[in-house]
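S.K.: Attaching a single structure in structure tokens format; questions to follow.
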Amino acid sequence: DTPLHKTKITDNSVVPRWAEEFSVWEYEIGESLEFNLWDSDVAGAKCLGKVTLTPEAFMEKGCNMEFPMEEAEPNIRAYLGLKIKVMGQEQYPDDVPTPEFEVTVEKEGAKEYGLDVDRQDLKNLQ
């Protein structure tokens, strides 16, 4: 398959961001969109994962959310944030609201506690 668009390269970043906006004119109604994330260095290029969006995920009102990446390395949970607006739509949809929660930790004696929160799927604390 021929890519519809290729983003600019983001060098030396473990959390890359592409603030790129582009139009896709070759899209056929009913087709899924596939986004592939690649890492390229002196050893070569390898696919880090992909996101495949079915039309139901974006055709009605666009989308603005993070999607879990398929085919990421074992034990790696990777996400790709996408903003899509459809023809005739002037603004991107609002972000998916982030759930709010409160955590209470009671400290016993001289022990130290830390909290590491992974909220990438916006549903579960990991």
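The chains in the structure tokens are called A, B, ... from first to last as shown; in each chain the residues are counted from 1, and the ligands are counted from 1 in the order shown.
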What's the 8 Å shell around segment 46-51 of chain A, counting only C-alpha atoms, without same-chain residues fewer than 4 positions away, as an mmCIF file with all heavy atoms, in the first residue's frame?

M.R.:
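As written to disk, result_33.cif reads:
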data_model
loop_
_atom_site.group_PDB
_atom_site.id
_atom_site.type_symbol
_atom_site.label_atom_id
_atom_site.label_comp_id
_atom_site.auth_asym_id
_atom_site.auth_seq_id
_atom_site.Cartn_x
_atom_site.Cartn_y
_atom_site.Cartn_z
ATOM 1 N N GLU A 34 -4.951 3.356 8.571
ATOM 2 C CA GLU A 34 -3.885 2.701 9.327
ATOM 3 C C GLU A 34 -2.742 3.684 9.530
ATOM 4 O O GLU A 34 -2.273 4.297 8.581
ATOM 5 C CB GLU A 34 -3.395 1.459 8.590
ATOM 6 C CG GLU A 34 -2.362 0.681 9.388
ATOM 7 C CD GLU A 34 -1.960 -0.606 8.704
ATOM 8 O OE1 GLU A 34 -2.790 -1.531 8.671
ATOM 9 O OE2 GLU A 34 -0.827 -0.671 8.198
ATOM 10 N N PHE A 35 -2.319 3.816 10.790
ATOM 11 C CA PHE A 35 -1.206 4.683 11.163
ATOM 12 C C PHE A 35 -0.079 3.797 11.674
ATOM 13 O O PHE A 35 -0.276 3.035 12.612
ATOM 14 C CB PHE A 35 -1.636 5.667 12.262
ATOM 15 C CG PHE A 35 -2.750 6.578 11.834
ATOM 16 C CD1 PHE A 35 -4.070 6.166 11.922
ATOM 17 C CD2 PHE A 35 -2.481 7.839 11.335
ATOM 18 C CE1 PHE A 35 -5.112 6.990 11.532
ATOM 19 C CE2 PHE A 35 -3.514 8.677 10.939
ATOM 20 C CZ PHE A 35 -4.827 8.254 11.035
ATOM 21 N N ASN A 36 1.085 3.886 11.052
ATOM 22 C CA ASN A 36 2.248 3.090 11.448
ATOM 23 C C ASN A 36 3.303 4.003 12.041
ATOM 24 O O ASN A 36 3.587 5.067 11.488
ATOM 25 C CB ASN A 36 2.838 2.363 10.238
ATOM 26 C CG ASN A 36 1.890 1.317 9.710
ATOM 27 O OD1 ASN A 36 1.782 0.247 10.284
ATOM 28 N ND2 ASN A 36 1.189 1.627 8.635
ATOM 29 N N LEU A 37 3.877 3.610 13.157
ATOM 30 C CA LEU A 37 4.928 4.376 13.817
ATOM 31 C C LEU A 37 6.242 3.632 13.650
ATOM 32 O O LEU A 37 6.356 2.464 14.026
ATOM 33 C CB LEU A 37 4.604 4.555 15.303
ATOM 34 C CG LEU A 37 5.589 5.396 16.095
ATOM 35 C CD1 LEU A 37 5.579 6.828 15.583
ATOM 36 C CD2 LEU A 37 5.246 5.356 17.561
ATOM 37 N N TRP A 38 7.235 4.330 13.075
ATOM 38 C CA TRP A 38 8.528 3.716 12.776
ATOM 39 C C TRP A 38 9.643 4.382 13.566
ATOM 40 O O TRP A 38 9.607 5.581 13.823
ATOM 41 C CB TRP A 38 8.839 3.857 11.286
ATOM 42 C CG TRP A 38 7.973 2.989 10.436
ATOM 43 C CD1 TRP A 38 6.710 3.282 9.987
ATOM 44 C CD2 TRP A 38 8.286 1.697 9.959
ATOM 45 N NE1 TRP A 38 6.229 2.239 9.255
ATOM 46 C CE2 TRP A 38 7.172 1.244 9.208
ATOM 47 C CE3 TRP A 38 9.394 0.862 10.079
ATOM 48 C CZ2 TRP A 38 7.147 0.003 8.597
ATOM 49 C CZ3 TRP A 38 9.360 -0.369 9.456
ATOM 50 C CH2 TRP A 38 8.250 -0.790 8.725
ATOM 51 N N ASP A 39 10.631 3.583 13.923
ATOM 52 C CA ASP A 39 11.871 4.083 14.522
ATOM 53 C C ASP A 39 12.975 3.815 13.519
ATOM 54 O O ASP A 39 13.071 2.715 12.974
ATOM 55 C CB ASP A 39 12.164 3.371 15.842
ATOM 56 C CG ASP A 39 13.429 3.894 16.500
ATOM 57 O OD1 ASP A 39 13.769 5.073 16.281
ATOM 58 O OD2 ASP A 39 14.074 3.125 17.232
ATOM 59 N N SER A 40 13.778 4.811 13.276
ATOM 60 C CA SER A 40 14.863 4.660 12.321
ATOM 61 C C SER A 40 16.150 5.169 12.947
ATOM 62 O O SER A 40 16.188 6.256 13.520
ATOM 63 C CB SER A 40 14.544 5.462 11.058
ATOM 64 O OG SER A 40 15.553 5.288 10.103
ATOM 65 N N PHE A 67 -5.261 6.075 21.052
ATOM 66 C CA PHE A 67 -5.617 4.719 20.658
ATOM 67 C C PHE A 67 -4.478 3.781 21.003
ATOM 68 O O PHE A 67 -3.311 4.102 20.764
ATOM 69 C CB PHE A 67 -5.886 4.648 19.150
ATOM 70 C CG PHE A 67 -7.072 5.455 18.721
ATOM 71 C CD1 PHE A 67 -6.916 6.780 18.329
ATOM 72 C CD2 PHE A 67 -8.340 4.906 18.728
ATOM 73 C CE1 PHE A 67 -8.004 7.539 17.940
ATOM 74 C CE2 PHE A 67 -9.439 5.653 18.344
ATOM 75 C CZ PHE A 67 -9.276 6.972 17.946
ATOM 76 N N PRO A 68 -4.785 2.589 21.535
ATOM 77 C CA PRO A 68 -3.723 1.624 21.827
ATOM 78 C C PRO A 68 -3.104 1.123 20.525
ATOM 79 O O PRO A 68 -3.798 0.880 19.546
ATOM 80 C CB PRO A 68 -4.432 0.496 22.576
ATOM 81 C CG PRO A 68 -5.885 0.685 22.306
ATOM 82 C CD PRO A 68 -6.100 2.105 21.917
ATOM 83 N N MET A 69 -1.788 0.997 20.524
ATOM 84 C CA MET A 69 -1.087 0.541 19.334
ATOM 85 C C MET A 69 -1.005 -0.980 19.313
ATOM 86 O O MET A 69 -0.719 -1.603 20.321
ATOM 87 C CB MET A 69 0.312 1.158 19.269
ATOM 88 C CG MET A 69 0.252 2.653 19.039
ATOM 89 S SD MET A 69 1.863 3.429 18.941
ATOM 90 C CE MET A 69 2.541 2.632 17.519
ATOM 91 N N GLU A 70 -1.257 -1.544 18.160
ATOM 92 C CA GLU A 70 -1.124 -2.975 17.935
ATOM 93 C C GLU A 70 0.323 -3.265 17.535
ATOM 94 O O GLU A 70 1.025 -2.390 17.039
ATOM 95 C CB GLU A 70 -2.047 -3.419 16.789
ATOM 96 C CG GLU A 70 -3.497 -3.060 16.977
ATOM 97 C CD GLU A 70 -4.287 -3.156 15.679
ATOM 98 O OE1 GLU A 70 -3.779 -3.701 14.684
ATOM 99 O OE2 GLU A 70 -5.405 -2.655 15.667
ATOM 100 N N GLU A 71 0.723 -4.488 17.741
ATOM 101 C CA GLU A 71 2.033 -4.975 17.296
ATOM 102 C C GLU A 71 3.211 -4.248 17.949
ATOM 103 O O GLU A 71 4.304 -4.197 17.386
ATOM 104 C CB GLU A 71 2.154 -4.940 15.777
ATOM 105 C CG GLU A 71 1.107 -5.796 15.088
ATOM 106 C CD GLU A 71 1.172 -5.736 13.568
ATOM 107 O OE1 GLU A 71 2.179 -5.267 13.015
ATOM 108 O OE2 GLU A 71 0.191 -6.161 12.945
ATOM 109 N N ALA A 72 2.986 -3.659 19.124
ATOM 110 C CA ALA A 72 4.102 -3.079 19.877
ATOM 111 C C ALA A 72 4.908 -4.236 20.467
ATOM 112 O O ALA A 72 4.455 -5.383 20.478
ATOM 113 C CB ALA A 72 3.588 -2.163 20.985
ATOM 114 N N GLU A 73 6.091 -3.951 20.950
ATOM 115 C CA GLU A 73 6.925 -5.003 21.525
ATOM 116 C C GLU A 73 6.222 -5.646 22.719
ATOM 117 O O GLU A 73 5.382 -5.015 23.363
ATOM 118 C CB GLU A 73 8.276 -4.425 21.946
ATOM 119 C CG GLU A 73 9.126 -3.999 20.766
ATOM 120 C CD GLU A 73 10.524 -3.583 21.173
ATOM 121 O OE1 GLU A 73 10.984 -3.972 22.264
ATOM 122 O OE2 GLU A 73 11.157 -2.866 20.382
ATOM 123 N N ALA A 78 1.706 0.922 24.230
ATOM 124 C CA ALA A 78 1.974 2.167 23.529
ATOM 125 C C ALA A 78 0.662 2.721 22.976
ATOM 126 O O ALA A 78 -0.237 1.963 22.614
ATOM 127 C CB ALA A 78 2.967 1.921 22.394
ATOM 128 N N LEU A 80 -1.176 6.023 20.521
ATOM 129 C CA LEU A 80 -1.002 7.073 19.535
ATOM 130 C C LEU A 80 -2.185 8.012 19.646
ATOM 131 O O LEU A 80 -3.336 7.592 19.513
ATOM 132 C CB LEU A 80 -0.922 6.473 18.120
ATOM 133 C CG LEU A 80 -0.725 7.453 16.982
ATOM 134 C CD1 LEU A 80 0.609 8.194 17.119
ATOM 135 C CD2 LEU A 80 -0.802 6.735 15.639
#

S.K.: List the neighbours of Trp18 of chain A out to 8 Å using only C-alpha atoms; skip same-chain residues closer than 2 positions along the sequence, and give me the result as a PyMOL selection string.

M.R.: chain A and resi 7-8+10+16+20

S.K.: With only C-alpha atoms as the basis for distance, which of A:Ala45, A:Gln89, A:Pro3, A:Asp11 is at the shortest distance from Glu26 of chain A?

M.R.: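 The answer is A:Pro3, which sits nearest to Glu26 of chain A.
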
S.K.: Excluding same-chain residues fewer than 5 positions from Tyr27 of chain A, what lies within 12 Å of it counting only C-alpha atoms, as a ChimeraX atom specification?

M.R.: /A:3-5,32-34,55,59,86-87

S.K.: As number ranges by chain, which residues of chain A does DSSP assign to strand (DSSP E)?

M.R.: A: 33-41, 44-53, 63-68, 79-84

S.K.: Quick one: distance from atom CA of Gly30 of chain A to atom CA of Thr54 of chain A in Å, one decimal?

M.R.: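 Computed distance, atom CA of Gly30 of chain A to atom CA of Thr54 of chain A, equals 7.9 Å.
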
S.K.: Calculated over only C-alpha atoms, which of the candidates A:Pro74, A:Gly62, A:Gly44, A:Gly109 has the smallest distance to Asp94 of chain A?

M.R.: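 That would be A:Gly62, the residue with the smallest distance to Asp94 of chain A.
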
S.K.: Which value, in Å to one decimal, gives the distance between atom CA of Trp25 of chain A and atom CA of Ile84 of chain A?

M.R.: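 Taking atom CA of Trp25 of chain A as the start and atom CA of Ile84 of chain A as the end point, the length is 13.6 Å.
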
S.K.: Using only C-alpha atoms, pick whichever of A:Glu90, A:Glu66, A:Asp95, A:Glu56 has the shortest atom-to-atom distance to Ile29 of chain A.

M.R.: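 Closest candidate: A:Glu56.
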